[in-house]
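Structure first, then comments.
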Number of protein chains: 2
Amino acid sequence: MAVAAAAEDAVLAAATHAMRERLARPILVGQSDRIREIAESAGIGLGGIELIEAPDPVVASTLAVKLVHEGEADLVMKGLVRTKDFLRAVLNQEFGMRRGRAMSHVAVFESPDRTRLMMLTDCGINIRPRFSRKINIIENALELARALGIEEPKVAVIAAVETVELPTMPATLDAELLRRLGEAGRFGRCIVDGPLAMDNALDGHTAEVKGRGSPVAGQADIIVVPEIETGNAVYKTIRYIAGRELASIVVGAEGPVVVTSRADSAETKLYSIALGSLLSQSAAETAGREGE
Amino acid sequence: MAVAAAAEDAVLAAATHAMRERLARPILVGQSDRIREIAESAGIGLGGIELIEAPDPVVASTLAVKLVHEGEADLVMKGLVRTKDFLRAVLNQEFGMRRGRAMSHVAVFESPDRTRLMMLTDCGINIRPRFSRKINIIENALELARALGIEEPKVAVIAAVETVELPTMPATLDAELLRRLGEAGRFGRCIVDGPLAMDNALDGHTAEVKGRGSPVAGQADIIVVPEIETGNAVYKTIRYIAGRELASIVVGAEGPVVVTSRADSAETKLYSIALGSLLSQSAAETAGREGE
């Protein structure tokens, strides 16, 4: 795992924690002196960890992304660099991690009854995705769901209501069309339903009372929101009102991209790295099978 | 409290429960035979409750709203009638409950640490409110906050980020302008801040880490979302992931309007009536003071 601009205590703690848990072997990219200084004063051991010198956060991002591009690393993690600068490096045409599909942000959290994992997308990258971008967002989330071992993922495409309402609520039409694409087999083995209100996705009983029967009701693995404001606010409501940890990752590039925020807890950072590690392993296995 | 189309067991249970708790004295509008039949088979006593005959849900809504219009009732509650039909009666020019201000939906729930009440708006009426409508939405929420005894309400205007981002995120500009209107005294005694991401509103520590100091951070009384998808999804995340009860009410009309959904719990229904009762009492007191 290449860590871009690693000179921050919380980033170093997360990277070395992940190493101790055998989730990833970090390569720290940044100002080596500063990284060693911070590690020492925070009591973090860097034994056996490779450091690559980079004078500033933008160069560090470029070098870290290049490591993935050249096959030296499987995933990349954002350190103390502005998200915008970091993602620009990821998207670089020449040495970046593009693979001809839009990237999207997926958050993972426990289902209300804590029996399984659920995904929420997009909470951080796509602001107001058009229909074609929503297809990518679903494809990316399905890739992650399959890496998590969910054989037939159930996808709930969310709106404020359960029926198509035009012209007032265009998200409801997108949801209806995505459902039909799913039925037509566009997304492989999975069940896509929409438009569904959030309660239908989360609670089977509510869907029943409302007369909106759905194989996805109360059993959604993936919740697709219409725009970033909804994703972002729901993510943070889960974190700060439900008091639950989440992991999150950016999917759709050549390798998983871990973009945690400074405000994220140590657990969220560790879980996010674990998610990236799992996804890159699953991708390698798929590529291996395809190469046979 | 006039109950429109009261012939449903959950509605009758909520209305009579509210009466036992001395929150409201219900007047049931609808098919009286059917109401008596349902009450009997559900074991609900209707002693001392006035019934007003109405042949169908639309007429029942009209009559119930008219009771408020004519001062015979202080608030109105939706029973077994489509929300659209019910609100059409509320908005009727002749005998409805308009008072020259847009109506909006306000949900009330406990703060993350359960020490106080918070408000979320709009989760159910205004789909994609323009700037001027957002002013009304804040005014309505402030009216409720003051009825709840909050002397200087703190209002967080939510977006996906904490800075103005144009042209990609118009909600951030609205938030910035609403903050300035607040500073200029447009909303009376209160503090309005925005754009804030949801975590800043809910958690003071996060705001600190992010360097977005705000008197509202972690202390918001009112959370204003940019559009209905966000409000609706956050409401249901609080309900079904955080597992908390909410109350909700429509504010901005001549009297409070209780619009609970069939899927709402008995607690949510009771709390919502309590909220309406409190708001109508507070409005009466204010009017009394102004009349002195």
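By order of appearance in the structure tokens: chains A, B, ..., then residues from 1 within every chain, and ligands from 1 in the order shown.
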
- [ ] Find the residues of chain B in contact range of chain A, meaning any atom within 6 Å when counting only C-alpha atoms, and list them as a ChimeraX atom specification.
- [x] /B:112,159-160,198-199,206,209,229-230,232-234,236,241-242,263

TODO: Would you mind listing what lies within 10 Å of segment 173-178 of chain A as a VMD selection string, with only C-alpha atoms counted and same-chain residues fewer than 5 positions away left out?
DONE: chain A and resid 130 to 132 134 to 135 138 155 to 159 162 to 167 183 to 184 186 to 187 192 to 196 224 to 226

- [ ] Compile the contact shell of Gly252 of chain A as a list in words: residues with an atom at most 12 Å away, counting only C-alpha atoms, same-chain residues fewer than 6 positions apart removed.
- [x] Leu75, Val90, Leu91, Met97, Arg98, Arg99, Gly100, Arg101, Ala102, Met103, Ser104, His105, Val106, Ile125, Arg133, Ile135, Asn136, Ile137, Ile138, Glu139, Asn140, Ala141, Leu142, Glu143, Leu144, Gly276, Leu279, Ser280 and Ala283 of chain A

May I have the selected residues written with C-alpha atoms, as a short mmCIF file (atom, residue, chain, number, x, y, z; two decimals), in the first residue's frame?
```
data_model
loop_
_atom_site.label_atom_id
_atom_site.label_comp_id
_atom_site.auth_asym_id
_atom_site.auth_seq_id
_atom_site.Cartn_x
_atom_site.Cartn_y
_atom_site.Cartn_z
CA LEU A 75 -3.61 0.12 -3.41
CA VAL A 90 -5.07 9.27 -9.23
CA LEU A 91 -6.82 10.47 -12.39
CA MET A 97 -4.90 4.73 -12.05
CA ARG A 98 -7.66 5.24 -14.61
CA ARG A 99 -9.13 2.17 -16.21
CA GLY A 100 -11.87 3.71 -18.29
CA ARG A 101 -14.56 3.69 -15.65
CA ALA A 102 -15.69 6.52 -13.41
CA MET A 103 -14.59 6.25 -9.81
CA SER A 104 -17.02 6.37 -6.92
CA HIS A 105 -17.00 6.39 -3.15
CA VAL A 106 -18.48 3.47 -1.23
CA ILE A 125 -16.96 11.76 -5.20
CA ARG A 133 -22.65 7.71 -14.08
CA ILE A 135 -24.62 2.82 -13.80
CA ASN A 136 -20.87 3.08 -13.01
CA ILE A 137 -21.63 3.76 -9.36
CA ILE A 138 -23.68 0.57 -9.15
CA GLU A 139 -21.02 -1.45 -11.02
CA ASN A 140 -18.34 -0.24 -8.61
CA ALA A 141 -20.41 -1.05 -5.54
CA LEU A 142 -21.21 -4.50 -6.95
CA GLU A 143 -17.49 -5.15 -7.44
CA LEU A 144 -16.95 -4.43 -3.76
CA GLY A 276 -8.91 -1.84 0.21
CA LEU A 279 -10.73 -5.59 -2.75
CA SER A 280 -7.25 -5.65 -4.30
CA ALA A 283 -9.28 -8.30 -8.05
#
```

All residues 6 Å or closer to Leu246 of chain B, only C-alpha atoms, same chain fewer than 6 positions away omitted, as an mmCIF file with all heavy atoms, in the first residue's frame:
```cif
data_model
loop_
_atom_site.group_PDB
_atom_site.id
_atom_site.type_symbol
_atom_site.label_atom_id
_atom_site.label_comp_id
_atom_site.auth_asym_id
_atom_site.auth_seq_id
_atom_site.Cartn_x
_atom_site.Cartn_y
_atom_site.Cartn_z
ATOM 1 N N VAL B 108 -38.420 16.127 14.785
ATOM 2 C CA VAL B 108 -37.733 16.394 16.047
ATOM 3 C C VAL B 108 -37.178 15.076 16.580
ATOM 4 O O VAL B 108 -37.862 14.050 16.551
ATOM 5 C CB VAL B 108 -38.712 17.020 17.074
ATOM 6 C CG1 VAL B 108 -38.036 17.239 18.411
ATOM 7 C CG2 VAL B 108 -39.265 18.329 16.543
ATOM 8 N N PHE B 109 -35.940 15.092 17.029
ATOM 9 C CA PHE B 109 -35.322 13.879 17.571
ATOM 10 C C PHE B 109 -34.334 14.287 18.661
ATOM 11 O O PHE B 109 -34.029 15.463 18.826
ATOM 12 C CB PHE B 109 -34.619 13.085 16.456
ATOM 13 C CG PHE B 109 -33.547 13.859 15.739
ATOM 14 C CD1 PHE B 109 -32.206 13.674 16.043
ATOM 15 C CD2 PHE B 109 -33.878 14.789 14.759
ATOM 16 C CE1 PHE B 109 -31.219 14.395 15.392
ATOM 17 C CE2 PHE B 109 -32.894 15.525 14.105
ATOM 18 C CZ PHE B 109 -31.559 15.330 14.422
ATOM 19 N N THR B 268 -44.109 7.528 17.829
ATOM 20 C CA THR B 268 -43.917 8.644 16.904
ATOM 21 C C THR B 268 -45.216 9.412 16.732
ATOM 22 O O THR B 268 -45.235 10.643 16.737
ATOM 23 C CB THR B 268 -43.405 8.126 15.541
ATOM 24 O OG1 THR B 268 -42.053 7.711 15.715
ATOM 25 C CG2 THR B 268 -43.451 9.207 14.476
#
```

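In this model, the gap between atom CA of Ala10 of chain B and atom CA of Ser61 of chain B comes to 17.5 Å.
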
Open item on the list: Need the shell around Ile249 of chain B: protein/DNA/RNA residues with any atom at most 8 Å away, counting only C-alpha atoms. Skip same-chain ones fewer than 6 positions apart. Format as an MDAnalysis selection string?
Closed with: chainID B and resid 105:107 256:259 272 275:276

Please produce a file of the residues just selected, as a PDB file, in the first residue's frame, where the atoms kept are C-alpha atoms.
```pdb
ATOM      1  CA  HIS B 105     -42.026  19.650   7.544  1.00  0.00           C
ATOM      2  CA  VAL B 106     -39.966  19.569  10.736  1.00  0.00           C
ATOM      3  CA  ALA B 107     -38.814  16.354  12.412  1.00  0.00           C
ATOM      4  CA  PRO B 256     -49.979  22.794  13.418  1.00  0.00           C
ATOM      5  CA  VAL B 257     -50.600  19.932  11.015  1.00  0.00           C
ATOM      6  CA  VAL B 258     -49.828  16.385  12.177  1.00  0.00           C
ATOM      7  CA  VAL B 259     -48.994  14.180   9.202  1.00  0.00           C
ATOM      8  CA  SER B 272     -46.068  14.230  16.974  1.00  0.00           C
ATOM      9  CA  LEU B 275     -45.517  18.568  19.406  1.00  0.00           C
ATOM     10  CA  GLY B 276     -48.560  19.957  17.598  1.00  0.00           C
TER      11      GLY B 276
END
```

- [ ] From a DSSP pass on the backbone, collect the residues of segment 62-276 of chain B flagged as strand (DSSP E) and hand them back as a PyMOL selection string.
- [x] chain B and resi 76-78+104-110+117-121+154-158+191-196+222-224+247-251+257-258

Would you pick out the contacts of Pro153 of chain A at 10 Å or less, using only C-alpha atoms, so that residues sharing its chain but fewer than 2 positions from it are not included, and give the list as a PDB file with N, CA and C atoms, in the first residue's frame?
```
ATOM      1  N   MET A 118     -23.417  -3.569   4.978  1.00  0.00           N
ATOM      2  CA  MET A 118     -24.173  -2.874   3.935  1.00  0.00           C
ATOM      3  C   MET A 118     -23.286  -1.797   3.337  1.00  0.00           C
ATOM      4  N   ALA A 141     -19.947  -0.518  -6.825  1.00  0.00           N
ATOM      5  CA  ALA A 141     -20.406  -1.053  -5.535  1.00  0.00           C
ATOM      6  C   ALA A 141     -20.574  -2.573  -5.617  1.00  0.00           C
ATOM      7  N   LEU A 142     -21.039  -3.053  -6.788  1.00  0.00           N
ATOM      8  CA  LEU A 142     -21.206  -4.502  -6.954  1.00  0.00           C
ATOM      9  C   LEU A 142     -19.853  -5.209  -6.904  1.00  0.00           C
ATOM     10  N   GLU A 143     -18.834  -4.573  -7.475  1.00  0.00           N
ATOM     11  CA  GLU A 143     -17.485  -5.151  -7.437  1.00  0.00           C
ATOM     12  C   GLU A 143     -17.055  -5.345  -5.979  1.00  0.00           C
ATOM     13  N   ALA A 145     -19.101  -5.478  -3.325  1.00  0.00           N
ATOM     14  CA  ALA A 145     -20.007  -6.442  -2.678  1.00  0.00           C
ATOM     15  C   ALA A 145     -19.562  -7.870  -2.979  1.00  0.00           C
ATOM     16  N   ARG A 146     -19.152  -8.094  -4.227  1.00  0.00           N
ATOM     17  CA  ARG A 146     -18.712  -9.455  -4.598  1.00  0.00           C
ATOM     18  C   ARG A 146     -17.400  -9.793  -3.907  1.00  0.00           C
ATOM     19  N   GLY A 149     -17.942 -11.170  -0.719  1.00  0.00           N
ATOM     20  CA  GLY A 149     -18.528 -12.504  -0.711  1.00  0.00           C
ATOM     21  C   GLY A 149     -20.036 -12.540  -0.826  1.00  0.00           C
ATOM     22  N   ILE A 150     -20.655 -11.424  -1.210  1.00  0.00           N
ATOM     23  CA  ILE A 150     -22.112 -11.419  -1.387  1.00  0.00           C
ATOM     24  C   ILE A 150     -22.414 -11.902  -2.811  1.00  0.00           C
ATOM     25  N   GLU A 151     -23.030 -13.075  -2.923  1.00  0.00           N
ATOM     26  CA  GLU A 151     -23.185 -13.682  -4.244  1.00  0.00           C
ATOM     27  C   GLU A 151     -24.213 -12.998  -5.127  1.00  0.00           C
ATOM     28  N   VAL A 155     -29.655  -4.399  -4.452  1.00  0.00           N
ATOM     29  CA  VAL A 155     -29.347  -2.978  -4.613  1.00  0.00           C
ATOM     30  C   VAL A 155     -30.625  -2.148  -4.482  1.00  0.00           C
ATOM     31  N   ALA A 156     -30.655  -1.211  -3.546  1.00  0.00           N
ATOM     32  CA  ALA A 156     -31.807  -0.309  -3.388  1.00  0.00           C
ATOM     33  C   ALA A 156     -31.429   1.061  -3.935  1.00  0.00           C
ATOM     34  N   GLY A 188     -25.241  -8.186 -14.225  1.00  0.00           N
ATOM     35  CA  GLY A 188     -24.894  -9.539 -13.814  1.00  0.00           C
ATOM     36  C   GLY A 188     -25.828 -10.019 -12.719  1.00  0.00           C
ATOM     37  N   ARG A 189     -25.333 -10.977 -11.920  1.00  0.00           N
ATOM     38  CA  ARG A 189     -26.187 -11.571 -10.895  1.00  0.00           C
ATOM     39  C   ARG A 189     -26.382 -10.613  -9.731  1.00  0.00           C
ATOM     40  N   CYS A 190     -27.569 -10.076  -9.611  1.00  0.00           N
ATOM     41  CA  CYS A 190     -27.919  -9.157  -8.518  1.00  0.00           C
ATOM     42  C   CYS A 190     -29.392  -8.795  -8.665  1.00  0.00           C
ATOM     43  N   ILE A 191     -29.953  -8.155  -7.655  1.00  0.00           N
ATOM     44  CA  ILE A 191     -31.328  -7.653  -7.760  1.00  0.00           C
ATOM     45  C   ILE A 191     -31.293  -6.156  -7.520  1.00  0.00           C
ATOM     46  N   VAL A 192     -31.767  -5.399  -8.502  1.00  0.00           N
ATOM     47  CA  VAL A 192     -31.815  -3.943  -8.355  1.00  0.00           C
ATOM     48  C   VAL A 192     -33.276  -3.540  -8.218  1.00  0.00           C
ATOM     49  N   VAL A 216     -35.861  -6.510  -2.129  1.00  0.00           N
ATOM     50  CA  VAL A 216     -34.746  -5.752  -1.578  1.00  0.00           C
ATOM     51  C   VAL A 216     -35.116  -5.141  -0.211  1.00  0.00           C
ATOM     52  N   GLN A 219     -33.517  -5.797   3.160  1.00  0.00           N
ATOM     53  CA  GLN A 219     -32.397  -6.707   2.907  1.00  0.00           C
ATOM     54  C   GLN A 219     -31.374  -6.111   1.956  1.00  0.00           C
ATOM     55  N   ALA A 220     -31.411  -4.808   1.781  1.00  0.00           N
ATOM     56  CA  ALA A 220     -30.501  -4.181   0.822  1.00  0.00           C
ATOM     57  C   ALA A 220     -29.046  -4.376   1.240  1.00  0.00           C
ATOM     58  N   ASP A 221     -28.213  -4.744   0.284  1.00  0.00           N
ATOM     59  CA  ASP A 221     -26.767  -4.793   0.523  1.00  0.00           C
ATOM     60  C   ASP A 221     -26.133  -3.475   0.107  1.00  0.00           C
ATOM     61  N   ILE A 222     -26.707  -2.871  -0.927  1.00  0.00           N
ATOM     62  CA  ILE A 222     -26.156  -1.633  -1.469  1.00  0.00           C
ATOM     63  C   ILE A 222     -27.257  -0.582  -1.535  1.00  0.00           C
TER      64      ILE A 222
END
```

Task: Test item, helix (DSSP H, G or I) assignment across segment 42-215 of chain A, answer as JSON, numbers by chain - done: {"A": [57, 58, 59, 60, 61, 62, 63, 64, 65, 66, 67, 68, 69, 83, 84, 85, 86, 87, 88, 89, 90, 91, 131, 132, 133, 134, 135, 136, 137, 138, 139, 140, 141, 142, 143, 144, 145, 146, 147, 170, 171, 172, 173, 174, 175, 176, 177, 178, 179, 180, 181, 182, 183, 198, 199, 200, 201, 202, 204, 205, 206, 207, 208, 209]}

Determine, counting only C-alpha atoms, which protein, DNA and RNA residues have an atom within 12 Å of an atom of Phe86 of chain A; residues of the same chain fewer than 4 positions away are not included. Present the result as a PDB file with N, CA, C and O atoms, in the first residue's frame.
```
ATOM      1  N   VAL A   3       1.409   5.038   0.540  1.00  0.00           N
ATOM      2  CA  VAL A   3       0.759   6.092   1.313  1.00  0.00           C
ATOM      3  C   VAL A   3       1.277   7.449   0.841  1.00  0.00           C
ATOM      4  O   VAL A   3       2.473   7.733   0.955  1.00  0.00           O
ATOM      5  N   ALA A   4       0.395   8.265   0.280  1.00  0.00           N
ATOM      6  CA  ALA A   4       0.788   9.564  -0.285  1.00  0.00           C
ATOM      7  C   ALA A   4       0.796  10.644   0.782  1.00  0.00           C
ATOM      8  O   ALA A   4      -0.224  10.889   1.411  1.00  0.00           O
ATOM      9  N   ALA A   5       1.939  11.301   0.946  1.00  0.00           N
ATOM     10  CA  ALA A   5       2.097  12.375   1.946  1.00  0.00           C
ATOM     11  C   ALA A   5       1.831  11.825   3.343  1.00  0.00           C
ATOM     12  O   ALA A   5       0.860  12.178   4.015  1.00  0.00           O
ATOM     13  N   ASP A  56       6.933  17.488  -1.627  1.00  0.00           N
ATOM     14  CA  ASP A  56       5.657  18.094  -1.246  1.00  0.00           C
ATOM     15  C   ASP A  56       4.500  17.131  -1.514  1.00  0.00           C
ATOM     16  O   ASP A  56       4.675  16.103  -2.165  1.00  0.00           O
ATOM     17  N   PRO A  57       3.292  17.475  -1.008  1.00  0.00           N
ATOM     18  CA  PRO A  57       2.152  16.548  -1.104  1.00  0.00           C
ATOM     19  C   PRO A  57       1.755  16.185  -2.529  1.00  0.00           C
ATOM     20  O   PRO A  57       1.327  15.053  -2.787  1.00  0.00           O
ATOM     21  N   VAL A  58       1.898  17.127  -3.463  1.00  0.00           N
ATOM     22  CA  VAL A  58       1.489  16.839  -4.846  1.00  0.00           C
ATOM     23  C   VAL A  58       2.440  15.820  -5.471  1.00  0.00           C
ATOM     24  O   VAL A  58       2.010  14.834  -6.082  1.00  0.00           O
ATOM     25  N   VAL A  59       3.734  16.026  -5.293  1.00  0.00           N
ATOM     26  CA  VAL A  59       4.705  15.054  -5.812  1.00  0.00           C
ATOM     27  C   VAL A  59       4.524  13.706  -5.111  1.00  0.00           C
ATOM     28  O   VAL A  59       4.565  12.643  -5.755  1.00  0.00           O
ATOM     29  N   ALA A  60       4.295  13.746  -3.808  1.00  0.00           N
ATOM     30  CA  ALA A  60       4.087  12.502  -3.066  1.00  0.00           C
ATOM     31  C   ALA A  60       2.896  11.725  -3.633  1.00  0.00           C
ATOM     32  O   ALA A  60       2.965  10.504  -3.814  1.00  0.00           O
ATOM     33  N   SER A  61       1.814  12.432  -3.961  1.00  0.00           N
ATOM     34  CA  SER A  61       0.636  11.773  -4.531  1.00  0.00           C
ATOM     35  C   SER A  61       0.986  11.144  -5.877  1.00  0.00           C
ATOM     36  O   SER A  61       0.616  10.002  -6.171  1.00  0.00           O
ATOM     37  N   THR A  62       1.696  11.900  -6.696  1.00  0.00           N
ATOM     38  CA  THR A  62       2.091  11.422  -8.017  1.00  0.00           C
ATOM     39  C   THR A  62       2.915  10.137  -7.895  1.00  0.00           C
ATOM     40  O   THR A  62       2.650   9.144  -8.577  1.00  0.00           O
ATOM     41  N   LEU A  63       3.921  10.161  -7.007  1.00  0.00           N
ATOM     42  CA  LEU A  63       4.790   8.990  -6.857  1.00  0.00           C
ATOM     43  C   LEU A  63       4.020   7.789  -6.300  1.00  0.00           C
ATOM     44  O   LEU A  63       4.210   6.658  -6.755  1.00  0.00           O
ATOM     45  N   ALA A  64       3.151   8.035  -5.336  1.00  0.00           N
ATOM     46  CA  ALA A  64       2.393   6.942  -4.725  1.00  0.00           C
ATOM     47  C   ALA A  64       1.481   6.267  -5.747  1.00  0.00           C
ATOM     48  O   ALA A  64       1.418   5.038  -5.847  1.00  0.00           O
ATOM     49  N   VAL A  65       0.815   7.098  -6.554  1.00  0.00           N
ATOM     50  CA  VAL A  65      -0.096   6.580  -7.574  1.00  0.00           C
ATOM     51  C   VAL A  65       0.698   5.807  -8.633  1.00  0.00           C
ATOM     52  O   VAL A  65       0.272   4.751  -9.116  1.00  0.00           O
ATOM     53  N   VAL A  76      -3.618   2.482  -2.902  1.00  0.00           N
ATOM     54  CA  VAL A  76      -3.002   3.731  -2.501  1.00  0.00           C
ATOM     55  C   VAL A  76      -3.851   4.366  -1.404  1.00  0.00           C
ATOM     56  O   VAL A  76      -5.077   4.212  -1.392  1.00  0.00           O
ATOM     57  N   MET A  77      -3.184   5.044  -0.484  1.00  0.00           N
ATOM     58  CA  MET A  77      -3.901   5.702   0.613  1.00  0.00           C
ATOM     59  C   MET A  77      -3.517   7.178   0.662  1.00  0.00           C
ATOM     60  O   MET A  77      -2.344   7.522   0.539  1.00  0.00           O
ATOM     61  N   LYS A  78      -4.527   8.030   0.863  1.00  0.00           N
ATOM     62  CA  LYS A  78      -4.292   9.465   0.971  1.00  0.00           C
ATOM     63  C   LYS A  78      -3.779   9.816   2.368  1.00  0.00           C
ATOM     64  O   LYS A  78      -4.340   9.364   3.367  1.00  0.00           O
ATOM     65  N   GLY A  79      -2.698  10.593   2.439  1.00  0.00           N
ATOM     66  CA  GLY A  79      -2.216  11.089   3.717  1.00  0.00           C
ATOM     67  C   GLY A  79      -2.569  12.548   3.892  1.00  0.00           C
ATOM     68  O   GLY A  79      -3.718  12.938   3.616  1.00  0.00           O
ATOM     69  N   LEU A  80      -1.591  13.357   4.297  1.00  0.00           N
ATOM     70  CA  LEU A  80      -1.834  14.781   4.553  1.00  0.00           C
ATOM     71  C   LEU A  80      -1.717  15.589   3.256  1.00  0.00           C
ATOM     72  O   LEU A  80      -0.746  16.325   3.037  1.00  0.00           O
ATOM     73  N   VAL A  81      -2.701  15.428   2.401  1.00  0.00           N
ATOM     74  CA  VAL A  81      -2.740  16.134   1.119  1.00  0.00           C
ATOM     75  C   VAL A  81      -4.208  16.439   0.833  1.00  0.00           C
ATOM     76  O   VAL A  81      -5.096  15.675   1.246  1.00  0.00           O
ATOM     77  N   ARG A  82      -4.454  17.562   0.182  1.00  0.00           N
ATOM     78  CA  ARG A  82      -5.840  17.907  -0.119  1.00  0.00           C
ATOM     79  C   ARG A  82      -6.445  16.852  -1.043  1.00  0.00           C
ATOM     80  O   ARG A  82      -5.803  16.415  -2.000  1.00  0.00           O
ATOM     81  N   VAL A  90      -4.461  10.579  -8.937  1.00  0.00           N
ATOM     82  CA  VAL A  90      -5.071   9.273  -9.228  1.00  0.00           C
ATOM     83  C   VAL A  90      -5.610   9.252 -10.657  1.00  0.00           C
ATOM     84  O   VAL A  90      -5.503   8.250 -11.371  1.00  0.00           O
ATOM     85  N   LEU A  91      -6.169  10.385 -11.077  1.00  0.00           N
ATOM     86  CA  LEU A  91      -6.822  10.465 -12.394  1.00  0.00           C
ATOM     87  C   LEU A  91      -5.862  10.820 -13.529  1.00  0.00           C
ATOM     88  O   LEU A  91      -6.282  10.875 -14.680  1.00  0.00           O
ATOM     89  N   ASN A  92      -4.602  11.068 -13.227  1.00  0.00           N
ATOM     90  CA  ASN A  92      -3.641  11.460 -14.260  1.00  0.00           C
ATOM     91  C   ASN A  92      -3.652  10.456 -15.427  1.00  0.00           C
ATOM     92  O   ASN A  92      -3.615   9.252 -15.241  1.00  0.00           O
ATOM     93  N   GLY A  96      -1.457   7.622 -13.974  1.00  0.00           N
ATOM     94  CA  GLY A  96      -2.472   7.508 -12.930  1.00  0.00           C
ATOM     95  C   GLY A  96      -3.103   6.123 -12.892  1.00  0.00           C
ATOM     96  O   GLY A  96      -2.540   5.157 -13.416  1.00  0.00           O
ATOM     97  N   MET A  97      -4.270   6.034 -12.275  1.00  0.00           N
ATOM     98  CA  MET A  97      -4.899   4.733 -12.050  1.00  0.00           C
ATOM     99  C   MET A  97      -6.227   4.582 -12.783  1.00  0.00           C
ATOM    100  O   MET A  97      -7.065   3.765 -12.403  1.00  0.00           O
ATOM    101  N   VAL A 257      -8.581   2.830  -3.668  1.00  0.00           N
ATOM    102  CA  VAL A 257      -8.045   4.099  -3.198  1.00  0.00           C
ATOM    103  C   VAL A 257      -8.637   4.379  -1.816  1.00  0.00           C
ATOM    104  O   VAL A 257      -9.858   4.458  -1.669  1.00  0.00           O
ATOM    105  N   VAL A 258      -7.771   4.479  -0.810  1.00  0.00           N
ATOM    106  CA  VAL A 258      -8.248   4.730   0.548  1.00  0.00           C
ATOM    107  C   VAL A 258      -8.164   6.232   0.817  1.00  0.00           C
ATOM    108  O   VAL A 258      -7.076   6.791   0.844  1.00  0.00           O
ATOM    109  N   VAL A 259      -9.330   6.861   0.962  1.00  0.00           N
ATOM    110  CA  VAL A 259      -9.374   8.305   1.204  1.00  0.00           C
ATOM    111  C   VAL A 259     -10.081   8.544   2.528  1.00  0.00           C
ATOM    112  O   VAL A 259     -11.288   8.755   2.564  1.00  0.00           O
ATOM    113  N   THR A 260      -9.375   8.458   3.624  1.00  0.00           N
ATOM    114  CA  THR A 260     -10.023   8.746   4.894  1.00  0.00           C
ATOM    115  C   THR A 260      -9.787  10.215   5.215  1.00  0.00           C
ATOM    116  O   THR A 260      -8.922  10.856   4.649  1.00  0.00           O
TER     117      THR A 260
END
```

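Picture a line from atom CA of Val11 of chain B to atom CA of Lys269 of chain B; it runs 8.3 Å.
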